[in-house]
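Undergrad: Provided herewith is a single structure, encoded as structure tokens, for subsequent inquiry.
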Amino acid sequence: MDILLQPPGDEADAWRTALAAALPGARIAVWPEAPEDPDYALVWKPPVELFARAGPVKAIFNLGAGVNAILDVASLPAGVPIIRLEDAGMAAQMAEYVTLAVLRDYREADAYAALQHAGRWLRRPRFEKAEFGVGILGFGVLGVAVARALMPFGFPIAAWSRTRKTAPGVASFSGPAELPAFLAASRVLVCLLPSTPSTRGLLDRAALDRLPRGAHLINVARGEIVVDEDLIAALDAGRLSRATLDVFREEPLPSGHPFWHHSRIALTPHISAVTLVDDSVAQIAAKIRRLERGESVTGVVDRARGY
Ligand code: NDP
Ligand code: OXD
């Protein structure tokens, strides 16, 4: 079996070693080396030449959960299944990141740090938990993991998805008609939607205005779901109290971008849930073995839907 590997960053050796151990006998070529007729391509943000040179493959594995970058590649062969990562160690990381951001806000870590630095002993009134609703946009693999992690703290939890869900302890909202009611209940709004034609620009002024006054936006999905200028305007006007941002329209975030030094923004460089080599390779190798036996696999992307 021939595998074409185009991994993220400078981790080619780690990916190649893990893949060779998981699929003994497979010939692995690391892009820009490319075998004549690879059986499978494992890629992250592939360049347009890759599919043009690689020829037809049995399946393309996306080395991440979000597939917006691969779906944009003009040379993407039609009809070939695209298979994304499902959790693969990212759900636990995402749950940690979002829980930290929610609790920092709820327990007012920044306000108490400022009081300490001012040398002031002051007890602030506690937030009512019932008024500290957490709304999760996108209730897929990662959204569900975040809801489960937050549940023990007792915040009211709501989720918005394309299709209605039944999850104990979570109020399910679905479709555009139910978005306003969902936003109105979200003192903290966690974005875990895929970037698709229906979600890009979704968090604009109109949507942000529907959040309770003083709301906190946590975007850990994709930068283009948020309209940057509208977010800054909402923060400047005090309609939103803070934003925790891990993803941006342009990455790395350009040095002059106003997000960098905004006093109400905490940002991180797309690290809320990183792709873990061993977990990802184990998942992909198991799926390749199933495909080779003629069995079906989960995580196949619906190209028309965009995720
Ligand atoms: P899933 O595909 O499992 O879940 C996506 C969810 O979004 C589903 O609940 C889906 O609804 C919902 N959804 C999609 N489109 C719409 C829409 N138009 N309206 C309402 N709901 C919609 O994805 P994951 O949970 O695995 O990942 C989510 C995203 O997180 C990824 O696409 C990626 O962009 C981002 N991500 C970010 C990382 C980081 O480090 N910052 C790491 C990993 C992922 P339904 O269930 O009804 O289909
Ligand atoms: C992903 C990501 O989609 O890392 O997996 O953002």
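Letters A, B, ... mark the chains of the structure tokens in the order given; residue numbers begin at 1 per chain; ligand numbers begin at 1, in order shown.
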Using only C-alpha atoms and all ligand atoms, find each residue with an atom at most 6 Å away from ligand 1 and format the answer as an NGL selection string.

TA: :A and (65-66 or 86 or 138-143 or 160-163 or 175 or 192-195 or 198-199 or 220-222 or 246-247 or 270-274 or 307)

Undergrad: Which polymer residues have any atom within 9 Å of an atom of Ile284 (chain A), counting only C-alpha atoms, with same-chain residues fewer than 2 positions away left out, as a list in words?

TA: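 Near Ile284 (chain A), the qualifying residues are Leu19, Leu42, Phe61, Ile83, Leu85, Asp279, Ser280, Val281, Ala282, Ala286, Lys287, Ile288 and Arg289 of chain A.
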
Undergrad: Go ahead and save the picked residues with all heavy atoms, as a JSON list (two decimals), in the first residue's frame.

TA:
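Saved result, result.json, follows:
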[["chain", "number", "residue", "atom", "x", "y", "z"],
["A", 19, "LEU", "N", 3.10, 6.23, 11.62],
["A", 19, "LEU", "CA", 2.34, 5.56, 10.55],
["A", 19, "LEU", "C", 3.00, 4.23, 10.17],
["A", 19, "LEU", "O", 2.31, 3.22, 9.95],
["A", 19, "LEU", "CB", 2.31, 6.52, 9.35],
["A", 19, "LEU", "CG", 1.17, 6.43, 8.37],
["A", 19, "LEU", "CD1", -0.19, 6.43, 9.07],
["A", 19, "LEU", "CD2", 1.26, 7.61, 7.40],
["A", 42, "LEU", "N", -2.81, 11.51, 3.20],
["A", 42, "LEU", "CA", -3.05, 12.05, 4.55],
["A", 42, "LEU", "C", -2.53, 13.48, 4.52],
["A", 42, "LEU", "O", -1.31, 13.69, 4.40],
["A", 42, "LEU", "CB", -2.28, 11.25, 5.60],
["A", 42, "LEU", "CG", -2.88, 9.94, 6.12],
["A", 42, "LEU", "CD1", -3.23, 8.97, 5.02],
["A", 42, "LEU", "CD2", -1.93, 9.29, 7.11],
["A", 61, "PHE", "N", -7.43, 11.48, 3.90],
["A", 61, "PHE", "CA", -7.61, 11.72, 5.33],
["A", 61, "PHE", "C", -7.14, 13.14, 5.65],
["A", 61, "PHE", "O", -6.01, 13.51, 5.31],
["A", 61, "PHE", "CB", -6.80, 10.70, 6.16],
["A", 61, "PHE", "CG", -7.42, 9.33, 6.15],
["A", 61, "PHE", "CD1", -7.11, 8.42, 5.16],
["A", 61, "PHE", "CD2", -8.34, 8.98, 7.12],
["A", 61, "PHE", "CE1", -7.70, 7.16, 5.13],
["A", 61, "PHE", "CE2", -8.94, 7.72, 7.12],
["A", 61, "PHE", "CZ", -8.62, 6.81, 6.11],
["A", 83, "ILE", "N", -12.05, 12.02, 4.76],
["A", 83, "ILE", "CA", -12.34, 11.52, 6.12],
["A", 83, "ILE", "C", -11.60, 12.41, 7.10],
["A", 83, "ILE", "O", -10.39, 12.62, 6.98],
["A", 83, "ILE", "CB", -11.89, 10.04, 6.23],
["A", 83, "ILE", "CG1", -12.64, 9.21, 5.17],
["A", 83, "ILE", "CG2", -12.16, 9.51, 7.64],
["A", 83, "ILE", "CD1", -12.03, 7.87, 4.88],
["A", 85, "LEU", "N", -10.63, 13.87, 11.15],
["A", 85, "LEU", "CA", -10.35, 13.33, 12.48],
["A", 85, "LEU", "C", -11.59, 13.53, 13.35],
["A", 85, "LEU", "O", -12.22, 14.59, 13.33],
["A", 85, "LEU", "CB", -9.16, 14.04, 13.13],
["A", 85, "LEU", "CG", -7.78, 13.72, 12.55],
["A", 85, "LEU", "CD1", -6.72, 14.51, 13.29],
["A", 85, "LEU", "CD2", -7.47, 12.22, 12.61],
["A", 279, "ASP", "N", -2.48, 9.55, 18.55],
["A", 279, "ASP", "CA", -3.93, 9.29, 18.56],
["A", 279, "ASP", "C", -4.50, 9.37, 17.15],
["A", 279, "ASP", "O", -5.36, 8.57, 16.75],
["A", 279, "ASP", "CB", -4.67, 10.33, 19.42],
["A", 279, "ASP", "CG", -4.22, 10.30, 20.87],
["A", 279, "ASP", "OD1", -3.01, 10.41, 21.13],
["A", 279, "ASP", "OD2", -5.09, 10.17, 21.75],
["A", 280, "SER", "N", -4.01, 10.34, 16.38],
["A", 280, "SER", "CA", -4.55, 10.53, 15.02],
["A", 280, "SER", "C", -4.15, 9.35, 14.13],
["A", 280, "SER", "O", -4.98, 8.82, 13.38],
["A", 280, "SER", "CB", -4.01, 11.82, 14.41],
["A", 280, "SER", "OG", -4.29, 12.90, 15.27],
["A", 281, "VAL", "N", -2.89, 8.95, 14.23],
["A", 281, "VAL", "CA", -2.43, 7.84, 13.39],
["A", 281, "VAL", "C", -3.17, 6.56, 13.76],
["A", 281, "VAL", "O", -3.58, 5.78, 12.88],
["A", 281, "VAL", "CB", -0.89, 7.67, 13.51],
["A", 281, "VAL", "CG1", -0.44, 6.33, 12.97],
["A", 281, "VAL", "CG2", -0.19, 8.81, 12.76],
["A", 282, "ALA", "N", -3.40, 6.34, 15.05],
["A", 282, "ALA", "CA", -4.13, 5.12, 15.46],
["A", 282, "ALA", "C", -5.52, 5.13, 14.82],
["A", 282, "ALA", "O", -6.00, 4.11, 14.30],
["A", 282, "ALA", "CB", -4.23, 5.07, 16.98],
["A", 286, "ALA", "N", -6.67, 2.52, 11.77],
["A", 286, "ALA", "CA", -7.82, 1.62, 11.98],
["A", 286, "ALA", "C", -8.82, 1.80, 10.84],
["A", 286, "ALA", "O", -9.40, 0.83, 10.35],
["A", 286, "ALA", "CB", -8.47, 1.92, 13.32],
["A", 287, "LYS", "N", -9.00, 3.05, 10.39],
["A", 287, "LYS", "CA", -9.96, 3.27, 9.30],
["A", 287, "LYS", "C", -9.42, 2.72, 7.97],
["A", 287, "LYS", "O", -10.18, 2.20, 7.16],
["A", 287, "LYS", "CB", -10.28, 4.77, 9.18],
["A", 287, "LYS", "CG", -11.14, 5.27, 10.35],
["A", 287, "LYS", "CD", -11.58, 6.71, 10.19],
["A", 287, "LYS", "CE", -12.40, 7.14, 11.40],
["A", 287, "LYS", "NZ", -12.89, 8.52, 11.31],
["A", 288, "ILE", "N", -8.13, 2.85, 7.75],
["A", 288, "ILE", "CA", -7.56, 2.29, 6.51],
["A", 288, "ILE", "C", -7.75, 0.77, 6.50],
["A", 288, "ILE", "O", -8.13, 0.18, 5.48],
["A", 288, "ILE", "CB", -6.07, 2.68, 6.36],
["A", 288, "ILE", "CG1", -5.96, 4.18, 6.01],
["A", 288, "ILE", "CG2", -5.37, 1.83, 5.29],
["A", 288, "ILE", "CD1", -4.54, 4.71, 5.87],
["A", 289, "ARG", "N", -7.53, 0.15, 7.65],
["A", 289, "ARG", "CA", -7.71, -1.31, 7.70],
["A", 289, "ARG", "C", -9.16, -1.68, 7.39],
["A", 289, "ARG", "O", -9.42, -2.63, 6.66],
["A", 289, "ARG", "CB", -7.29, -1.86, 9.07],
["A", 289, "ARG", "CG", -5.76, -1.94, 9.22],
["A", 289, "ARG", "CD", -5.36, -2.75, 10.44],
["A", 289, "ARG", "NE", -5.60, -2.01, 11.67],
["A", 289, "ARG", "CZ", -4.71, -1.20, 12.26],
["A", 289, "ARG", "NH1", -3.51, -1.05, 11.73],
["A", 289, "ARG", "NH2", -5.02, -0.56, 13.36]]

Undergrad: Please provide as an NGL selection string all residues within 12 Å of Trp260 (chain A), with the sequence filter that same-chain residues fewer than 3 positions apart are discarded (counting only C-alpha atoms).

TA: :A and (232 or 243-246 or 248 or 252-257 or 263-269)

Undergrad: Please produce a file of the residues just selected, as a compact mmCIF listing (two decimals), in the first residue's frame, where the atoms kept are all heavy atoms.

TA:
# COMPACT_ATOMS: atom_id res chain seq x y z
N ILE A 232 -15.19 43.82 17.91
CA ILE A 232 -14.49 44.92 18.58
C ILE A 232 -15.48 46.01 18.99
O ILE A 232 -15.42 46.53 20.11
CB ILE A 232 -13.38 45.47 17.67
CG1 ILE A 232 -12.25 44.45 17.63
CG2 ILE A 232 -12.85 46.82 18.18
CD1 ILE A 232 -11.13 44.75 16.70
N ALA A 243 -13.74 38.53 25.25
CA ALA A 243 -13.70 37.49 24.21
C ALA A 243 -12.43 36.68 24.43
O ALA A 243 -11.37 37.24 24.74
CB ALA A 243 -13.70 38.12 22.82
N THR A 244 -12.59 35.38 24.31
CA THR A 244 -11.44 34.48 24.37
C THR A 244 -11.33 33.87 22.98
O THR A 244 -12.26 33.20 22.52
CB THR A 244 -11.68 33.37 25.43
OG1 THR A 244 -11.90 34.00 26.70
CG2 THR A 244 -10.48 32.44 25.53
N LEU A 245 -10.24 34.16 22.31
CA LEU A 245 -10.12 33.78 20.90
C LEU A 245 -8.90 32.90 20.67
O LEU A 245 -7.79 33.26 21.06
CB LEU A 245 -10.00 35.05 20.03
CG LEU A 245 -11.08 36.11 20.22
CD1 LEU A 245 -10.77 37.36 19.39
CD2 LEU A 245 -12.46 35.56 19.84
N ASP A 246 -9.14 31.78 20.01
CA ASP A 246 -8.03 30.87 19.70
C ASP A 246 -7.81 30.76 18.20
O ASP A 246 -6.82 30.19 17.76
CB ASP A 246 -8.36 29.48 20.28
CG ASP A 246 -7.24 28.47 20.06
OD1 ASP A 246 -6.09 28.79 20.44
OD2 ASP A 246 -7.49 27.38 19.52
N PHE A 248 -8.47 32.69 14.12
CA PHE A 248 -8.51 34.01 13.50
C PHE A 248 -8.68 33.86 11.99
O PHE A 248 -8.32 32.83 11.41
CB PHE A 248 -7.21 34.77 13.83
CG PHE A 248 -7.00 34.79 15.32
CD1 PHE A 248 -6.26 33.80 15.95
CD2 PHE A 248 -7.65 35.74 16.11
CE1 PHE A 248 -6.14 33.77 17.34
CE2 PHE A 248 -7.53 35.73 17.49
CZ PHE A 248 -6.77 34.74 18.11
N PRO A 252 -0.72 33.14 11.22
CA PRO A 252 -0.72 33.85 12.48
C PRO A 252 -1.46 35.19 12.39
O PRO A 252 -1.49 35.83 11.32
CB PRO A 252 0.76 34.11 12.76
CG PRO A 252 1.52 33.16 11.89
CD PRO A 252 0.65 32.87 10.71
N LEU A 253 -2.05 35.60 13.52
CA LEU A 253 -2.74 36.89 13.57
C LEU A 253 -1.75 38.00 13.23
O LEU A 253 -0.68 38.09 13.84
CB LEU A 253 -3.30 37.09 14.99
CG LEU A 253 -4.15 38.34 15.20
CD1 LEU A 253 -5.45 38.29 14.40
CD2 LEU A 253 -4.47 38.51 16.69
N PRO A 254 -2.05 38.82 12.21
CA PRO A 254 -1.09 39.87 11.81
C PRO A 254 -0.72 40.79 12.97
O PRO A 254 -1.57 41.07 13.84
CB PRO A 254 -1.84 40.64 10.72
CG PRO A 254 -2.88 39.71 10.23
CD PRO A 254 -3.26 38.81 11.37
N SER A 255 0.52 41.27 12.98
CA SER A 255 1.02 42.00 14.16
C SER A 255 0.22 43.28 14.44
O SER A 255 0.08 43.68 15.58
CB SER A 255 2.50 42.31 14.01
OG SER A 255 2.66 43.08 12.85
N GLY A 256 -0.34 43.90 13.40
CA GLY A 256 -1.07 45.15 13.66
C GLY A 256 -2.54 44.95 14.00
O GLY A 256 -3.28 45.92 14.16
N HIS A 257 -2.98 43.70 14.12
CA HIS A 257 -4.42 43.47 14.30
C HIS A 257 -4.86 43.98 15.67
O HIS A 257 -4.19 43.74 16.68
CB HIS A 257 -4.73 41.98 14.17
CG HIS A 257 -6.19 41.71 13.96
ND1 HIS A 257 -7.12 41.84 14.96
CD2 HIS A 257 -6.89 41.34 12.85
CE1 HIS A 257 -8.33 41.56 14.49
NE2 HIS A 257 -8.21 41.25 13.20
N SER A 263 -7.99 45.25 25.59
CA SER A 263 -7.98 44.90 27.02
C SER A 263 -9.04 43.84 27.37
O SER A 263 -8.96 43.19 28.41
CB SER A 263 -8.23 46.15 27.86
OG SER A 263 -9.49 46.69 27.50
N ARG A 264 -10.05 43.68 26.52
CA ARG A 264 -11.10 42.70 26.84
C ARG A 264 -10.93 41.39 26.08
O ARG A 264 -11.84 40.55 26.06
CB ARG A 264 -12.48 43.30 26.52
CG ARG A 264 -12.86 44.47 27.42
CD ARG A 264 -14.19 45.04 26.96
NE ARG A 264 -14.50 46.27 27.64
CZ ARG A 264 -15.33 46.37 28.68
NH1 ARG A 264 -15.93 45.32 29.14
NH2 ARG A 264 -15.56 47.54 29.24
N ILE A 265 -9.80 41.24 25.40
CA ILE A 265 -9.58 40.01 24.61
C ILE A 265 -8.41 39.22 25.18
O ILE A 265 -7.34 39.79 25.45
CB ILE A 265 -9.31 40.34 23.12
CG1 ILE A 265 -10.58 40.91 22.47
CG2 ILE A 265 -8.83 39.11 22.36
CD1 ILE A 265 -10.44 41.29 21.01
N ALA A 266 -8.64 37.92 25.36
CA ALA A 266 -7.53 37.01 25.67
C ALA A 266 -7.37 36.13 24.44
O ALA A 266 -8.35 35.57 23.96
CB ALA A 266 -7.87 36.15 26.88
N LEU A 267 -6.16 36.04 23.91
CA LEU A 267 -6.01 35.22 22.71
C LEU A 267 -4.87 34.22 22.84
O LEU A 267 -3.91 34.43 23.59
CB LEU A 267 -5.89 36.08 21.46
CG LEU A 267 -4.69 37.01 21.24
CD1 LEU A 267 -3.50 36.26 20.69
CD2 LEU A 267 -5.10 38.11 20.26
N THR A 268 -5.03 33.14 22.08
CA THR A 268 -4.01 32.08 22.02
C THR A 268 -3.82 31.69 20.56
O THR A 268 -4.73 31.88 19.74
CB THR A 268 -4.45 30.85 22.85
OG1 THR A 268 -5.81 30.54 22.54
CG2 THR A 268 -4.31 31.08 24.35
N PRO A 269 -2.65 31.13 20.22
CA PRO A 269 -2.33 30.85 18.81
C PRO A 269 -2.83 29.49 18.32
O PRO A 269 -2.02 28.61 17.99
CB PRO A 269 -0.81 30.93 18.79
CG PRO A 269 -0.40 30.47 20.15
CD PRO A 269 -1.49 30.92 21.10

Undergrad: So which bits of region 25-257 of chain A end up strand (DSSP E or B) when you DSSP the backbone, as an MDAnalysis selection string?

TA: chainID A and resid 27:30 40:43 59:62 82:83 134:137 157:161 167 170:174 188:191 203 215:219 226 240:245

Undergrad: Calculated over only C-alpha atoms, which of the candidates A:Ala29, A:Ala34, A:Val134, A:Ala59 has the smallest distance to Leu211 (chain A)?

TA: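 Ranking A:Ala29, A:Ala34, A:Val134, A:Ala59 by distance to Leu211 (chain A), first place goes to A:Val134.
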
Undergrad: In Å, rounded to a single decimal, give me how far CA of Phe132 (chain A) is from CA of Arg187 (chain A).

TA: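 Separation between CA of Arg187 (chain A) and CA of Phe132 (chain A): 5.3 Å.
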
Undergrad: Between A:Met90, A:Val43, A:Ala185, A:Val227, which is the closest to ligand 2 once you count only C-alpha atoms and all ligand atoms?

TA: A:Met90

Undergrad: Within 7 Å of Met1 (chain A), counting only C-alpha atoms, which residues qualify if same-chain residues fewer than 5 places away don't, as a list of chain:residue names?

TA: A:Ala26, A:Arg27, A:Asp39

Undergrad: Please dump the current selection as a compact mmCIF listing (two decimals), in the first residue's frame; keep N, CA and C atoms.

TA:
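Result file is part_7.txt:
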# COMPACT_ATOMS: atom_id res chain seq x y z
N ALA A 26 3.40 -0.66 4.74
CA ALA A 26 2.97 0.45 3.88
C ALA A 26 4.19 1.26 3.44
N ARG A 27 4.19 1.68 2.17
CA ARG A 27 5.26 2.58 1.70
C ARG A 27 4.75 4.01 1.90
N ASP A 39 -2.40 4.97 -2.62
CA ASP A 39 -3.73 4.45 -2.26
C ASP A 39 -4.47 5.47 -1.40

Undergrad: Interatomic distance between CA of Val102 (chain A) and CA of Ala147 (chain A)?

TA: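 Straight-line distance from CA of Val102 (chain A) to CA of Ala147 (chain A) works out to 11.6 Å.
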
Undergrad: Quick one, how far is CA of Glu224 (chain A) from CA of Leu203 (chain A)?

TA: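 Distance reported for this atom pair: 9.0 Å.
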